[in-house]
Each structure stands twice: as structure tokens, then as C-alpha cells.
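> The file below is model_7.cif, mmCIF, C-alpha atoms and all ligand atoms:
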data_my_file
#
loop_
_atom_site.label_atom_id
_atom_site.label_comp_id
_atom_site.auth_asym_id
_atom_site.auth_seq_id
_atom_site.Cartn_x
_atom_site.Cartn_y
_atom_site.Cartn_z
CA MET A 1 0.00 0.00 0.00
CA LEU A 2 1.07 3.53 -0.77
CA ASP A 3 0.80 5.74 2.35
CA ILE A 4 -0.74 9.10 1.46
CA ILE A 5 -0.63 11.96 3.97
CA GLN A 6 -2.50 15.19 3.37
CA ILE A 7 -0.96 18.32 4.92
CA PRO A 8 -3.26 21.37 5.02
CA ILE A 9 -1.33 24.66 4.69
CA LEU A 10 -1.96 28.37 4.03
CA THR A 11 -5.65 29.24 3.59
CA ASP A 12 -6.85 26.33 1.50
CA ASN A 13 -3.87 24.43 0.03
CA TYR A 14 -3.01 20.76 0.46
CA ILE A 15 0.44 19.23 0.19
CA TYR A 16 0.66 15.44 -0.22
CA LEU A 17 3.34 13.12 1.07
CA LEU A 18 3.49 9.67 -0.55
CA HIS A 19 5.47 6.88 1.04
CA ASP A 20 6.22 3.34 -0.05
CA PRO A 21 6.88 1.34 3.14
CA ILE A 22 8.82 -1.39 1.32
CA SER A 23 11.44 0.67 -0.50
CA ARG A 24 11.01 3.53 2.03
CA GLU A 25 10.99 5.97 -0.89
CA THR A 26 8.98 9.13 -0.24
CA ALA A 27 7.62 11.83 -2.55
CA VAL A 28 6.00 15.18 -1.90
CA VAL A 29 3.50 16.79 -4.29
CA ASP A 30 3.32 20.59 -4.75
CA PRO A 31 4.94 21.96 -1.58
CA ALA A 32 4.14 25.68 -1.36
CA ILE A 33 6.25 25.85 1.78
CA ALA A 34 8.91 23.50 3.15
CA GLN A 35 8.58 23.50 6.94
CA PRO A 36 5.32 21.53 7.33
CA VAL A 37 6.80 18.86 5.02
CA LEU A 38 10.06 18.72 6.99
CA ASP A 39 8.05 18.38 10.21
CA VAL A 40 6.07 15.38 8.95
CA LEU A 41 9.20 13.76 7.49
CA GLU A 42 10.91 14.09 10.86
CA ALA A 43 7.93 12.80 12.83
CA LYS A 44 7.63 9.76 10.53
CA GLY A 45 11.36 9.15 10.17
CA TRP A 46 11.04 9.32 6.37
CA GLN A 47 13.59 10.68 3.90
CA LEU A 48 12.40 12.63 0.89
CA THR A 49 13.31 10.99 -2.43
CA TYR A 50 11.27 12.96 -4.97
CA LEU A 51 9.45 16.25 -5.23
CA LEU A 52 6.66 16.30 -7.83
CA ASN A 53 5.24 19.55 -9.18
CA THR A 54 2.04 19.80 -11.20
CA HIS A 55 2.66 23.39 -12.41
CA HIS A 56 4.69 26.52 -11.79
CA HIS A 57 2.39 28.63 -9.56
CA TRP A 58 4.14 29.79 -6.36
CA ASP A 59 1.70 27.98 -4.07
CA HIS A 60 2.87 24.71 -5.67
CA VAL A 61 6.64 25.27 -6.01
CA GLY A 62 7.45 27.72 -3.18
CA GLY A 63 9.12 25.02 -1.06
CA ASN A 64 11.15 23.44 -3.87
CA LEU A 65 14.60 24.90 -3.24
CA GLU A 66 14.53 24.63 0.55
CA LEU A 67 13.37 21.00 0.39
CA LYS A 68 15.99 20.14 -2.21
CA GLN A 69 18.73 21.81 -0.18
CA LYS A 70 17.71 20.14 3.10
CA THR A 71 16.84 16.65 1.81
CA GLY A 72 18.67 16.22 -1.50
CA CYS A 73 15.40 15.19 -3.17
CA GLN A 74 15.08 15.02 -6.94
CA ILE A 75 12.59 17.47 -8.48
CA ILE A 76 10.27 16.27 -11.26
CA ALA A 77 7.96 18.55 -13.25
CA ALA A 78 6.66 19.23 -16.74
CA GLN A 79 9.41 19.44 -19.35
CA GLU A 80 7.48 22.29 -20.95
CA ASP A 81 7.81 24.32 -17.74
CA ARG A 82 11.54 23.68 -17.13
CA ALA A 83 12.33 27.38 -17.11
CA ARG A 84 9.70 28.15 -14.46
CA ILE A 85 10.26 25.29 -11.96
CA PRO A 86 12.82 26.12 -9.26
CA GLY A 87 15.49 23.40 -8.94
CA ILE A 88 14.02 21.05 -11.57
CA ASP A 89 16.07 17.90 -12.25
CA THR A 90 13.83 15.85 -14.54
CA GLY A 91 11.33 17.15 -17.08
CA VAL A 92 8.46 14.79 -17.93
CA ILE A 93 6.01 14.60 -20.84
CA ASP A 94 2.68 12.86 -21.45
CA GLY A 95 2.96 9.07 -21.11
CA ASP A 96 6.20 9.06 -19.08
CA ILE A 97 6.27 6.71 -16.09
CA ILE A 98 7.87 7.50 -12.74
CA SER A 99 8.35 5.04 -9.88
CA LEU A 100 8.14 5.30 -6.13
CA GLY A 101 9.40 1.89 -5.08
CA GLN A 102 7.01 -0.54 -6.76
CA HIS A 103 4.34 2.12 -7.26
CA GLN A 104 4.23 3.60 -10.72
CA ALA A 105 2.66 6.85 -11.85
CA ARG A 106 1.86 7.79 -15.41
CA ILE A 107 2.25 11.43 -16.39
CA ILE A 108 -0.78 12.97 -18.08
CA GLU A 109 -0.40 16.43 -19.60
CA THR A 110 -3.41 18.61 -18.72
CA PRO A 111 -2.84 22.15 -20.05
CA GLY A 112 -5.47 24.83 -19.53
CA HIS A 113 -5.01 26.27 -16.02
CA THR A 114 -1.38 26.83 -17.06
CA SER A 115 0.32 25.82 -20.30
CA GLY A 116 2.66 23.26 -18.70
CA HIS A 117 0.36 21.46 -16.26
CA VAL A 118 0.90 17.72 -15.59
CA VAL A 119 -0.90 15.27 -13.26
CA TYR A 120 0.42 12.07 -11.68
CA TYR A 121 -1.76 8.97 -12.04
CA PHE A 122 -0.99 5.94 -9.83
CA ALA A 123 -3.24 3.41 -11.57
CA LYS A 124 -2.69 0.45 -9.22
CA ASP A 125 -3.18 2.68 -6.20
CA ASP A 126 -6.34 4.28 -7.60
CA ALA A 127 -4.89 7.72 -6.94
CA LEU A 128 -4.59 10.84 -9.07
CA PHE A 129 -2.64 13.94 -8.00
CA CYS A 130 -4.24 16.55 -10.21
CA GLY A 131 -2.95 19.91 -8.96
CA ASP A 132 -5.19 22.75 -10.15
CA THR A 133 -6.74 20.99 -13.17
CA LEU A 134 -9.66 19.22 -11.46
CA PHE A 135 -11.18 20.15 -8.09
CA VAL A 136 -13.98 18.55 -6.13
CA MET A 137 -17.09 19.75 -8.04
CA GLY A 138 -14.96 22.25 -9.98
CA CYS A 139 -11.94 22.84 -12.19
CA GLY A 140 -9.01 25.24 -12.45
CA ARG A 141 -9.29 28.77 -13.77
CA LEU A 142 -7.94 29.56 -17.22
CA PHE A 143 -4.72 31.49 -16.64
CA GLU A 144 -2.67 30.51 -19.69
CA GLY A 145 -4.77 28.15 -21.78
CA THR A 146 -8.07 28.13 -23.64
CA ALA A 147 -11.37 26.62 -22.49
CA GLU A 148 -11.03 24.03 -25.25
CA GLN A 149 -7.59 23.00 -23.95
CA LEU A 150 -8.86 22.58 -20.39
CA TRP A 151 -11.94 20.70 -21.60
CA THR A 152 -9.70 18.31 -23.57
CA SER A 153 -7.51 17.84 -20.49
CA LEU A 154 -10.53 17.10 -18.28
CA GLN A 155 -11.78 14.51 -20.77
CA LYS A 156 -8.59 12.53 -20.15
CA LEU A 157 -9.26 12.51 -16.39
CA LYS A 158 -12.96 11.73 -16.80
CA ALA A 159 -11.95 8.56 -18.71
CA LEU A 160 -10.02 7.14 -15.72
CA PRO A 161 -11.72 4.40 -13.64
CA PRO A 162 -14.59 5.76 -11.48
CA SER A 163 -12.89 4.46 -8.32
CA THR A 164 -9.86 6.71 -8.90
CA ARG A 165 -9.35 8.97 -5.88
CA ILE A 166 -8.67 12.56 -6.84
CA TYR A 167 -6.20 14.45 -4.68
CA CYS A 168 -6.44 18.08 -5.77
CA THR A 169 -4.40 20.91 -4.26
CA HIS A 170 -7.15 23.19 -2.90
CA GLU A 171 -10.10 22.95 -0.53
CA TYR A 172 -12.56 24.76 -2.80
CA THR A 173 -15.35 22.21 -2.46
CA GLN A 174 -18.02 24.23 -0.66
CA ALA A 175 -17.86 27.21 -3.06
CA ASN A 176 -17.67 24.87 -6.05
CA GLY A 177 -20.70 22.96 -4.83
CA GLN A 178 -22.73 26.14 -4.49
CA PHE A 179 -21.98 26.94 -8.12
CA ALA A 180 -22.80 23.34 -9.13
CA LEU A 181 -26.21 23.63 -7.46
CA SER A 182 -26.84 27.00 -9.12
CA VAL A 183 -26.55 25.44 -12.58
CA GLU A 184 -28.10 22.08 -11.69
CA PRO A 185 -30.39 22.61 -8.67
CA ASP A 186 -32.23 19.30 -9.13
CA ASN A 187 -29.13 17.10 -9.09
CA LYS A 188 -29.79 14.75 -6.15
CA HIS A 189 -26.16 13.59 -6.00
CA THR A 190 -24.95 17.18 -5.64
CA GLN A 191 -27.59 17.96 -3.00
CA GLN A 192 -26.56 14.89 -0.99
CA LYS A 193 -22.85 15.62 -1.39
CA MET A 194 -23.32 19.22 -0.22
CA HIS A 195 -24.92 17.95 3.02
CA GLU A 196 -21.88 15.76 3.64
CA VAL A 197 -19.50 18.58 2.71
CA ALA A 198 -21.22 21.00 5.10
CA GLN A 199 -20.80 18.52 7.96
CA LEU A 200 -17.12 17.94 7.15
CA ARG A 201 -16.34 21.65 6.93
CA LEU A 202 -18.25 22.36 10.14
CA ASN A 203 -15.84 19.96 11.84
CA ASN A 204 -12.88 21.51 10.01
CA LYS A 205 -12.31 18.28 8.07
CA SER A 206 -11.04 17.87 4.51
CA THR A 207 -13.45 17.07 1.67
CA VAL A 208 -10.56 15.75 -0.46
CA PRO A 209 -10.15 13.16 -1.95
CA SER A 210 -13.24 12.68 -4.03
CA THR A 211 -13.43 10.06 -6.80
CA ILE A 212 -13.83 10.28 -10.57
CA GLY A 213 -17.19 8.51 -10.17
CA GLU A 214 -18.45 11.12 -7.68
CA GLU A 215 -17.26 13.90 -9.98
CA ILE A 216 -19.10 12.43 -12.95
CA ALA A 217 -22.27 12.55 -10.83
CA THR A 218 -21.80 16.05 -9.36
CA ASN A 219 -19.16 18.19 -11.09
CA PRO A 220 -20.74 20.53 -13.70
CA PHE A 221 -17.43 20.62 -15.59
CA PHE A 222 -17.80 16.84 -16.08
CA ARG A 223 -21.52 17.19 -16.86
CA GLU A 224 -21.51 19.52 -19.88
CA GLY A 225 -23.41 16.78 -21.75
CA SER A 226 -26.28 16.68 -19.21
CA SER A 227 -29.53 17.78 -20.84
CA SER A 228 -30.95 19.28 -17.63
CA LEU A 229 -27.79 21.33 -17.11
CA GLN A 230 -27.85 22.51 -20.73
CA LYS A 231 -31.49 23.45 -20.36
CA ASN A 232 -30.79 25.47 -17.20
CA LEU A 233 -28.04 27.35 -19.03
CA GLY A 234 -30.18 27.94 -22.11
CA LEU A 235 -27.60 26.03 -24.17
CA GLU A 236 -29.52 23.02 -25.45
CA ASN A 237 -27.99 21.12 -28.37
CA GLN A 238 -24.74 23.07 -28.16
CA SER A 239 -21.35 21.39 -28.48
CA PRO A 240 -19.81 20.10 -25.23
CA VAL A 241 -16.96 22.61 -25.59
CA SER A 242 -19.28 25.60 -25.87
CA VAL A 243 -21.29 24.45 -22.83
CA PHE A 244 -18.03 24.00 -20.92
CA THR A 245 -16.78 27.44 -22.02
CA GLU A 246 -19.98 29.09 -20.80
CA LEU A 247 -19.80 27.21 -17.47
CA ARG A 248 -16.20 28.33 -16.90
CA LYS A 249 -17.14 31.93 -17.71
CA ARG A 250 -20.10 31.88 -15.29
CA LYS A 251 -18.02 30.35 -12.53
CA ASP A 252 -15.43 33.13 -12.89
CA SER A 253 -18.03 35.70 -11.90
CA PHE A 254 -20.12 33.54 -9.53
ZN ZN A 301 -2.36 27.11 -10.03
#
Using C-alpha cells, write down the structure that the file contains.


Amino acid sequence: MLDIIQIPILTDNYIYLLHDPISRETAVVDPAIAQPVLDVLEAKGWQLTYLLNTHHHWDHVGGNLELKQKTGCQIIAAQEDRARIPGIDTGVIDGDIISLGQHQARIIETPGHTSGHVVYYFAKDDALFCGDTLFVMGCGRLFEGTAEQLWTSLQKLKALPPSTRIYCTHEYTQANGQFALSVEPDNKHTQQKMHEVAQLRLNNKSTVPSTIGEEIATNPFFREGSSSLQKNLGLENQSPVSVFTELRKRKDSF
């Protein structure tokens, strides 16, 4: 089993530590800051082997250089973003495989939020580290890419097995769910999920991970083909990309 530890930091960010107990290799995903990672490593007696970045934003790479200096870890990120990733050692492209002991992750390129975004898919562990591409009931904002690019990227994630756990980098679930209900108020799955989310947040608990299956049932950015959603938006019989584009635009000003 791959140990996965979620470390909440800043206002709403999550850092992930992944540990293979057999090889004792350890990876961190998107450390905005180093100290909370160093603290967990020390408490667990783990040594950091790899640092995985999904994209170049500061709240994903801010801890890179300090962690590299203090642990000697190897930094892996999108080849396309080499110039913007502090301390990068290895650039990866779509289809590349990286290993953490016996656990393998496939790199999937998901441009849209930024031009060089990648996600790490551990198929046998049913785990996807998706940065700012896919959130629980939402998706990333378009900073450097087009809506069509992000839609194409999300299609790749939607095609993964429904049991895949999605570990995104922000706790945006409650606000995302309110938007989801505004465009699809009759969706029973979303209504039910929002009850559960409200309870979790009331107790200061994380709503992440979700699963691809739950997202297909609740996330409007996975539901651009739903006829009730299209009807609510006044976009019946439009192409999936144009429905998605309109959804992203509305969410930006929600
Ligand atoms: Zn970002």
C-alpha cells in the first residue's frame, strides 16, 4: 500500500506526502512551503526521495529549493515548464512513467489552467494527484490556456476508472458545490454531497479526496453533456466545448 498523507497549509492548500513502506521511498506533491513537510518527514522518520510539481504557480513550487537543499530530493515537473520550476532535475512529458518503489505513476499532460500542467496517475493505487486541473465539483481557472484546452484535459481525467481517488491541491469544495447547485439545482447527487461537505467543513475536516465517479455525478465541468444542465443554461444542443466554455465563464463571476 502507498501511504498518502494530506498536509493542510496556508488558507486552502493541500500538500501530499506519498510513502512506499517497502522501499522507504517518499515523494512530496506541490509543496508551497517547506517546513510543514520537513516536520512530517521528521515525525515519521522518512527521507524525501522525490518532489513532484504539477505546475509553476508559487503555491505549488514555493518550497522546492529549501526542500531540495535540506533533503537532496530530486525534483520532477513538466518538461514544458523547465524554465519556471525552481530546482528542476527531470522534465516529464505525457505518457512518461515515474516510480516510487514498486508504485508507478503515469504522467498525463493537462494544459489549460497553465500551459505546462501535468498530473500524476498511480493506476494500481487508484490515486490521481491533479494539482489545479480538477477540483472537487470544480476545475481550475484559465490562466494561460483556452477553455477548449482545459476541456480536452478534463476529458482525459474523466476517462479514468470511477474508483480513482482525486487528490487536488485546494479545498474549494463548498464554493464549487454552491456553483454546481446554481446550474443544476435538481441534481440529487450534488444535494446529498453538499450535506456531507457542510458537515465535514463544520468539523474543520477535509473534503478531499473525491473520486472520478463522484465527480461524474456532481461536477458541472464533467456534466456539460447533461440535458438538464444545458437546459438550465439555455444552451440546449450546443457542443460540449461551448457548454463548458460558458460554465467556466459563469463560474469566474459567480
Ligand atoms: Zn495554479

> Which residues are near ligand ZN 301 (chain A) - at most 8 Å, using all atoms listed in the file? Format: as a ChimeraX atom specification.

/A:55-60,113-114,131-132,140

> Return the single residue from A:Met137, A:Leu150, A:Leu100, A:Ala78 that is closest to Gly213 of chain A, with distances computed using all atoms listed in the file.

A:Met137

> Using all atoms listed in the file, what does the table of segment 94-144 of chain A residues within 8 Å of segment 15-23 of chain A look like, with each row giving the shortest atom pair and its distance in Å to one decimal, sorted by chain and ascending number, as a Markdown table?


| residue | atom | partner | partner_atom | distance |
| --- | --- | --- | --- | --- |
| A:Leu100 | CA | A:Asp20 | CA | 6.7 |
| A:Gly101 | CA | A:Ser23 | CA | 5.2 |
| A:Gln102 | CA | A:Ser23 | CA | 7.8 |
| A:His103 | CA | A:Asp20 | CA | 7.6 |

> Excluding same-chain residues fewer than 5 positions from segment 154-171 of chain A, what lies within 10 Å of it counting only C-alpha atoms, as JSON, numbers by chain?

{"A": [4, 6, 8, 9, 11, 12, 13, 14, 15, 16, 29, 30, 31, 54, 59, 60, 108, 109, 110, 111, 112, 119, 120, 121, 122, 123, 124, 125, 126, 127, 128, 129, 130, 131, 132, 133, 134, 135, 136, 139, 140, 148, 149, 176, 201, 206, 207, 208, 209, 210, 211, 212, 213, 214, 215, 216, 221, 222]}

> Mind listing whatever residues come within 10 Å of the point (17.7, 18.9, -3.0)? Use all atoms listed in the file, file coordinates, and give them as a PyMOL selection string.

chain A and resi 48-51+64-75+87-89

> Using Å and a single decimal, report how far atom CA of Gly138 of chain A sits from atom CA of Asn187 of chain A.

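It comes out at 15.1 Å.
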
> At a cut-off of 12 Å from (-19.1, 26.9, -6.1) in the coordinates of the file, what residues are picked up using all atoms listed in the file, written as number ranges by chain?

A: 135-139, 171-184, 190, 194, 218-221, 247-248, 250-254

> So the first atom is atom CA of Val118 of chain A and the second is atom CA of His189 of chain A; what is the distance between them in Å, to one decimal place?

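Distance between the two atoms: 29.0 Å.
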
> From the options A:Ala147, A:Ile5, A:Leu202, A:Ile97, which residue's atoms come nearest to Ile76 of chain A, counting all atoms listed in the file?

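Of the candidates, the smallest distance to Ile76 of chain A is held by A:Ile97.
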
> As an exercise, work out the distance from atom CA of Ser153 of chain A to atom CA of Gln238 of chain A in Å and give it to one decimal place.

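If I compute the distance from atom CA of Ser153 of chain A to atom CA of Gln238 of chain A, I get 19.6 Å.
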
> Find the axis-aligned box for segment 33-52 of chain A, covering all its listed atoms and adding 5 Å on each side, and write its centre and edge lengths in Å to one decimal as lines of an AutoDock Vina configuration file.


center_x = 9.5
center_y = 17.5
center_z = 2.5
size_x = 18.3
size_y = 26.7
size_z = 30.7

> Which residues are close to Gly63 of chain A, i.e. within 6 Å by all atoms listed in the file, leaving aside same-chain residues fewer than 4 positions away? Reply as a list in words.

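The residues that qualify are Pro31, Ala32, Ile33 and Ala34 of chain A.
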